[in-house]
There are 2 protein chains.
Amino acid sequence: MANSIWKNYPQLGEQLDLTTNFIHKMVKINNLEISSMIVNLTSEGKMLRPAFFLLFSEFGEDRPKDSELIPLAASLEILHVATLVHDDVIDDSPLRRSQPTIHTKYGRRNAIYAGDYLFTLYFELISKHLQSNTDILKNALSMKKILIGELDQMLIDFNVEATTEMYFKEISGKTAELFGLSAQMGAIVSGANQEVIERCKNIGHDIGMAFQIIDDILDFSSTSQTGKPVHEDLKNGVYSLPYILGLEDKNHHLIEILSKNHLTADDDQKATAIVVDNGYLNQAKDIAREFTDRAVIEIEKLPKKRSQEVLKNVVKRLINRIK
Amino acid sequence: MANSIWKNYPQLGEQLDLTTNFIHKMVKINNLEISSMIVNLTSEGKMLRPAFFLLFSEFGEDRPKDSELIPLAASLEILHVATLVHDDVIDDSPLRRSQPTIHTKYGRRNAIYAGDYLFTLYFELISKHLQSNTDILKNALSMKKILIGELDQMLIDFNVEATTEMYFKEISGKTAELFGLSAQMGAIVSGANQEVIERCKNIGHDIGMAFQIIDDILDFSSTSQTGKPVHEDLKNGVYSLPYILGLEDKNHHLIEILSKNHLTADDDQKATAIVVDNGYLNQAKDIAREFTDRAVIEIEKLPKKRSQEVLKNVVKRLINRIK
């Protein structure tokens with residue numbers, strides 16, 4: 001059953017269930033344990049990327065049948081899960097969606113290959129279902145940008161001279177590109193005109209930017225809801241927007257703390273206080289809101305279809321998480 | 001400059017140099033350190049897969065121009081290097097081709113993403129250069145089999161009931177599939193007929209099987225030439241053919257040793273003696289020879305082209321490594 005966030009949209013929920021089933025049929029490896037872990041990972045998420053793809057596929061003149069849409073919706077979730085599996089190895093995360101991660105149960109080896117396998121499934125699906133249109137295929141391959149973004153992130157890790165510009169570039173690659181691709185692909189397969197396609201891509205990208213900033217803010221503010229140790233990223237030299245705003249503001253206390261070789265729990269607490277007391281956290285919230293505001297304005301310019309309202313509601317609910 | 005193993009084949013050497021240059025132009029990431037490590041990795045190998053692709057592309061009626069062949073030759077090496085980068089993370093190998101591995105210098109994170117990035121480049125190249133022919137594309141996607149093979153390997157790790165059948169299946173996925181694909185892709189793009197295509201694929205696959213078995217045997221026999229600690233695989237529960245032959249023979253002493261939780265240097269030595277004294281090592285050599293013998297017989301059935309002789313020489317040199 002589709003995630004409860006889609007409960008008010010039964011048609012979309014049904015399409016997402018079809019997408020989940022399709023993914024399960026695609027994952028065919030003899031290794032049943034790993035196979036079932038992949039199936040779990042693709043069953044319990046919010047399926048945001050397939051959902052956006054499906055919603056944006058209403059804006060063209062010629063919406064394809066479900067049988068054509070579902071494999072592409074599935075491919076976007078598969079690509080997302082591929083990156084999650086590798087991210088968990090990289091961060092050595094013990095849990096994902098309250099379940100042990102693949103590398104925790106079956107070792108790094110199987111987790112890395114499972115991610116690689118999912119990448120391959122993604123390419124197989126898009127090559128098969130987008131073959132007639134090389135333009136879309138080229139865009140679908142834009143996942144390369146995602147990885148280039150990840151590789152460039154090294155440039156800002158442990159860098160107390162990191163700027164918001166560097167941060168935006170990084171989260172664009174890490175998150176927003178795939179949201180933009182999902183929206184754009186939906187518009188393209190439904191035969192939308194070039195202006196609408198471009199608008200959909202930008203809306204998807206803005207939502208993705210907001211999504212990542214909000215995720216960072218929630219991570220910053222949460223204590224234990226997510227099951228992650230607090231501010232683990234900080235210790236690994238990965239600075240999220242609230243910190244970056246402090247660094248860019250040349251806040252000496254913050255720079256001093258983050259320049260240390262090993263951060264203690266006390267350092268972490270002090271850095272948190274600086275970020276809150278100097279308004280960097282609120283600035284980060286305002287920036288997230290700018291992205292969702294712009295997305296809403298652009299959504300309103302799209303053709304009048306039912307999914308226009310759905311999208312606006314989804315975006316509002318997203319930004320309300322950090323109210 | 002192409003690896004010295006190709007010094008007697010100047011035309012092939014030249015094509016391989018073009019392939020290396022092409023790869024270097026493809027690798028475009030802002031992160032210059034990682035970019036240069038990838039470039040190094042793709043400059044210093046034997047380029048066996050591109051070489052086989054180029055050699056087999058002589059057997060059709062209609063050999064494409066270099067400008068069409070080079071991107072595909074490059075894609076095969078890029079795919080190979082992608083798997084090497086991930087394998088090194090998995091095995092935590094400090095060195096590759098006498099250079100520090102990417103994860104050693106820049107961490108697991110960058111190594112995993114660098115591998116992912118190379119996978120993407122591979123798909124980009126084959127989608128672009130094979131788009132007109134969906135059959136080849138489907139075959140090129142057979143790299144999925146490689147990963148399924150890797151994931152299935154878990155079934156034989158630390159398994160003292162592993163059989164040669166399981167081992168052959170595993171190295172088929174791990175190594176021989178990509179050799180088979182390289183040969184087959186060469187035949188297909190040159191317009192060979194179905195019988196020749198099938199033969200090329202099988203030859204490539206046989207060479208790949210022999211290559212992996214020989215590699216395992218050299219690993220077993222070498223002490224320090226390769227720079228790897230001896231029999232590291234054994235400690236990790238990864239059994240190569242000489243051991244598998246002993247296990248399948250139900251050699252009690254060997255089973256007893258490999259069933260231990262932690263292998264000491266003494267255990268390693270005893271296991272080695274068992275494998276040598278009972279003729280398992282020689283049996284493994286014979287099996288490698290069966291694969292190269294069959295490859296040579298099949299190569300002789302191919303159309304009479306210059307690369308027929310080259311291929312026979314390459315295969316002979318391969319098997320002579322374990323004489």
# chains A, B, ... in the order shown; residues from 1 in each chain; ligands from 1

call {"tool": "residues_around", "arguments": {"residues": "segment 290-303 of chain B", "least_positions_apart": "2", "cutoff": "9 Å", "atoms": "only C-alpha atoms", "output": "list in words"}}
result
Glu58, Phe59, Gly60, Val196, Arg199, Cys200, Asn202, Ile203, Gly204, His205, Asp206, Ile207, Gly208, Met209, Ala210, Phe211, Lys285, Asp286, Ile287, Ala288, Lys305, Gln308, Glu309, Leu311, Lys312, Val315, Lys316, Leu318 and Ile319 of chain B

call {"tool": "select_by_dssp", "arguments": {"residues": "segment 79-180 of chain B", "states": "strand (DSSP E or B)", "output": "PyMOL selection string"}}
result
chain B and resi 95-96+99-100

call {"tool": "residues_around", "arguments": {"residues": "Ile255 of chain A", "least_positions_apart": "6", "cutoff": "9 Å", "atoms": "only C-alpha atoms", "output": "list in words"}}
result
Val160, Glu161, Gly246 and Leu247 of chain A

call {"tool": "residues_around", "arguments": {"residues": "Lys145 of chain A", "least_positions_apart": "6", "cutoff": "9 Å", "atoms": "only C-alpha atoms", "output": "number ranges by chain"}}
result
A: 173-174, 177; B: 117

call {"tool": "residues_around", "arguments": {"residues": "Ala2 of chain B", "least_positions_apart": "3", "cutoff": "9 Å", "atoms": "only C-alpha atoms", "output": "list in words"}}
result
Ile5, Trp6, Lys7, Leu12, Gly13, Glu14, Gln15, Leu16, Asp17, Thr20, Ser43, Glu44, Gly45, Lys46 and Met47 of chain B

call {"tool": "write_last_selection", "arguments": {"atoms": "N, CA and C atoms", "output": "PDB file, in the first residue's frame"}}
result
ATOM      1  N   ILE B   5      52.277  -5.357 -23.914  1.00  0.00           N
ATOM      2  CA  ILE B   5      51.836  -6.649 -24.455  1.00  0.00           C
ATOM      3  C   ILE B   5      51.336  -6.500 -25.895  1.00  0.00           C
ATOM      4  N   TRP B   6      51.031  -5.281 -26.314  1.00  0.00           N
ATOM      5  CA  TRP B   6      50.523  -5.083 -27.683  1.00  0.00           C
ATOM      6  C   TRP B   6      51.614  -4.605 -28.638  1.00  0.00           C
ATOM      7  N   LYS B   7      52.884  -4.666 -28.188  1.00  0.00           N
ATOM      8  CA  LYS B   7      53.938  -4.019 -28.989  1.00  0.00           C
ATOM      9  C   LYS B   7      54.115  -4.637 -30.383  1.00  0.00           C
ATOM     10  N   LEU B  12      46.747  -2.098 -33.628  1.00  0.00           N
ATOM     11  CA  LEU B  12      45.915  -2.239 -32.440  1.00  0.00           C
ATOM     12  C   LEU B  12      46.399  -1.292 -31.344  1.00  0.00           C
ATOM     13  N   GLY B  13      47.727  -1.216 -31.186  1.00  0.00           N
ATOM     14  CA  GLY B  13      48.300  -0.321 -30.172  1.00  0.00           C
ATOM     15  C   GLY B  13      47.851   1.111 -30.391  1.00  0.00           C
ATOM     16  N   GLU B  14      47.816   1.509 -31.660  1.00  0.00           N
ATOM     17  CA  GLU B  14      47.396   2.869 -31.998  1.00  0.00           C
ATOM     18  C   GLU B  14      45.918   3.094 -31.638  1.00  0.00           C
ATOM     19  N   GLN B  15      45.095   2.092 -31.962  1.00  0.00           N
ATOM     20  CA  GLN B  15      43.667   2.206 -31.624  1.00  0.00           C
ATOM     21  C   GLN B  15      43.462   2.273 -30.110  1.00  0.00           C
ATOM     22  N   LEU B  16      44.289   1.518 -29.383  1.00  0.00           N
ATOM     23  CA  LEU B  16      44.157   1.542 -27.921  1.00  0.00           C
ATOM     24  C   LEU B  16      44.597   2.890 -27.356  1.00  0.00           C
ATOM     25  N   ASP B  17      45.596   3.492 -27.987  1.00  0.00           N
ATOM     26  CA  ASP B  17      45.985   4.837 -27.549  1.00  0.00           C
ATOM     27  C   ASP B  17      44.842   5.826 -27.792  1.00  0.00           C
ATOM     28  N   THR B  20      42.351   5.317 -25.064  1.00  0.00           N
ATOM     29  CA  THR B  20      42.768   5.952 -23.801  1.00  0.00           C
ATOM     30  C   THR B  20      42.523   7.460 -23.852  1.00  0.00           C
ATOM     31  N   SER B  43      44.886   4.336 -17.800  1.00  0.00           N
ATOM     32  CA  SER B  43      46.059   4.472 -18.681  1.00  0.00           C
ATOM     33  C   SER B  43      47.008   3.307 -18.520  1.00  0.00           C
ATOM     34  N   GLU B  44      46.928   2.640 -17.383  1.00  0.00           N
ATOM     35  CA  GLU B  44      48.005   1.721 -17.072  1.00  0.00           C
ATOM     36  C   GLU B  44      47.626   0.252 -17.164  1.00  0.00           C
ATOM     37  N   GLY B  45      46.414  -0.016 -17.565  1.00  0.00           N
ATOM     38  CA  GLY B  45      45.989  -1.405 -17.673  1.00  0.00           C
ATOM     39  C   GLY B  45      46.393  -2.003 -19.010  1.00  0.00           C
ATOM     40  N   LYS B  46      46.075  -3.266 -19.161  1.00  0.00           N
ATOM     41  CA  LYS B  46      46.395  -3.955 -20.415  1.00  0.00           C
ATOM     42  C   LYS B  46      45.341  -3.668 -21.482  1.00  0.00           C
ATOM     43  N   MET B  47      44.225  -3.075 -21.073  1.00  0.00           N
ATOM     44  CA  MET B  47      43.138  -2.749 -22.004  1.00  0.00           C
ATOM     45  C   MET B  47      42.668  -3.994 -22.750  1.00  0.00           C
TER      46      MET B  47
END

call {"tool": "residues_around", "arguments": {"residues": "Gly191 of chain A", "least_positions_apart": "3", "cutoff": "9 Å", "atoms": "only C-alpha atoms", "output": "mmCIF file with N, CA, C and O atoms, in the first residue's frame"}}
result
data_model
loop_
_atom_site.group_PDB
_atom_site.id
_atom_site.type_symbol
_atom_site.label_atom_id
_atom_site.label_comp_id
_atom_site.auth_asym_id
_atom_site.auth_seq_id
_atom_site.Cartn_x
_atom_site.Cartn_y
_atom_site.Cartn_z
ATOM 1 N N SER A 57 3.089 14.255 -15.370
ATOM 2 C CA SER A 57 2.728 13.691 -16.671
ATOM 3 C C SER A 57 1.294 14.067 -17.066
ATOM 4 O O SER A 57 0.786 13.600 -18.077
ATOM 5 N N PHE A 59 0.524 17.274 -17.571
ATOM 6 C CA PHE A 59 0.538 18.616 -18.147
ATOM 7 C C PHE A 59 0.700 18.656 -19.657
ATOM 8 O O PHE A 59 0.680 19.722 -20.249
ATOM 9 N N GLY A 60 0.895 17.503 -20.274
ATOM 10 C CA GLY A 60 0.978 17.488 -21.728
ATOM 11 C C GLY A 60 -0.383 17.232 -22.347
ATOM 12 O O GLY A 60 -1.392 17.082 -21.646
ATOM 13 N N GLU A 61 -0.400 17.135 -23.664
ATOM 14 C CA GLU A 61 -1.660 16.956 -24.375
ATOM 15 C C GLU A 61 -2.036 15.487 -24.465
ATOM 16 O O GLU A 61 -3.155 15.133 -24.787
ATOM 17 N N ASP A 62 -1.075 14.638 -24.213
ATOM 18 C CA ASP A 62 -1.208 13.269 -24.665
ATOM 19 C C ASP A 62 -0.657 12.311 -23.611
ATOM 20 O O ASP A 62 0.356 11.668 -23.807
ATOM 21 N N ARG A 63 -1.337 12.259 -22.484
ATOM 22 C CA ARG A 63 -0.813 11.458 -21.378
ATOM 23 C C ARG A 63 -0.773 9.972 -21.751
ATOM 24 O O ARG A 63 -1.799 9.412 -22.147
ATOM 25 N N PRO A 64 0.391 9.322 -21.615
ATOM 26 C CA PRO A 64 0.470 7.899 -21.964
ATOM 27 C C PRO A 64 -0.342 7.053 -20.985
ATOM 28 O O PRO A 64 -0.714 7.513 -19.902
ATOM 29 N N GLY A 186 8.166 13.469 -16.732
ATOM 30 C CA GLY A 186 6.699 13.408 -16.768
ATOM 31 C C GLY A 186 6.137 14.303 -17.851
ATOM 32 O O GLY A 186 5.298 13.889 -18.662
ATOM 33 N N ALA A 187 6.636 15.547 -17.897
ATOM 34 C CA ALA A 187 6.139 16.507 -18.889
ATOM 35 C C ALA A 187 6.462 16.030 -20.306
ATOM 36 O O ALA A 187 5.617 16.087 -21.203
ATOM 37 N N ILE A 188 7.681 15.529 -20.491
ATOM 38 C CA ILE A 188 8.099 15.112 -21.835
ATOM 39 C C ILE A 188 7.249 13.949 -22.348
ATOM 40 O O ILE A 188 6.737 14.008 -23.467
ATOM 41 N N ILE A 197 7.649 22.002 -20.463
ATOM 42 C CA ILE A 197 8.697 21.071 -20.037
ATOM 43 C C ILE A 197 9.732 21.794 -19.172
ATOM 44 O O ILE A 197 10.096 21.342 -18.087
#

call {"tool": "closest_residue", "arguments": {"among": "B:Arg97, B:Arg108, B:Lys25, B:His103", "to": "chain A", "atoms": "only C-alpha atoms"}}
result
B:Arg108

call {"tool": "atom_distance", "arguments": {"atom1": "atom CA of Asp219 of chain B", "atom2": "atom CA of Ala114 of chain B"}}
result
26.9 Å

call {"tool": "closest_residue", "arguments": {"among": "A:Lys235, A:His86, A:Lys105, A:Lys260", "to": "Leu147 of chain A", "atoms": "only C-alpha atoms"}}
result
A:His86

call {"tool": "closest_residue", "arguments": {"among": "A:Asn110, A:Thr19, A:Ser35, A:Ser190", "to": "chain B", "atoms": "only C-alpha atoms"}}
result
A:Asn110

call {"tool": "residues_around", "arguments": {"residues": "Asp66 of chain B", "least_positions_apart": "5", "cutoff": "10 Å", "atoms": "only C-alpha atoms", "output": "ChimeraX atom specification"}}
result
/B:15,18-19,54,71-73

call {"tool": "atom_distance", "arguments": {"atom1": "atom CA of Glu248 of chain A", "atom2": "atom CA of Ala162 of chain A"}}
result
7.1 Å

call {"tool": "closest_residue", "arguments": {"among": "B:Val85, B:Ile126, B:Ile274, B:Ile148", "to": "His252 of chain B", "atoms": "only C-alpha atoms"}}
result
B:Ile274
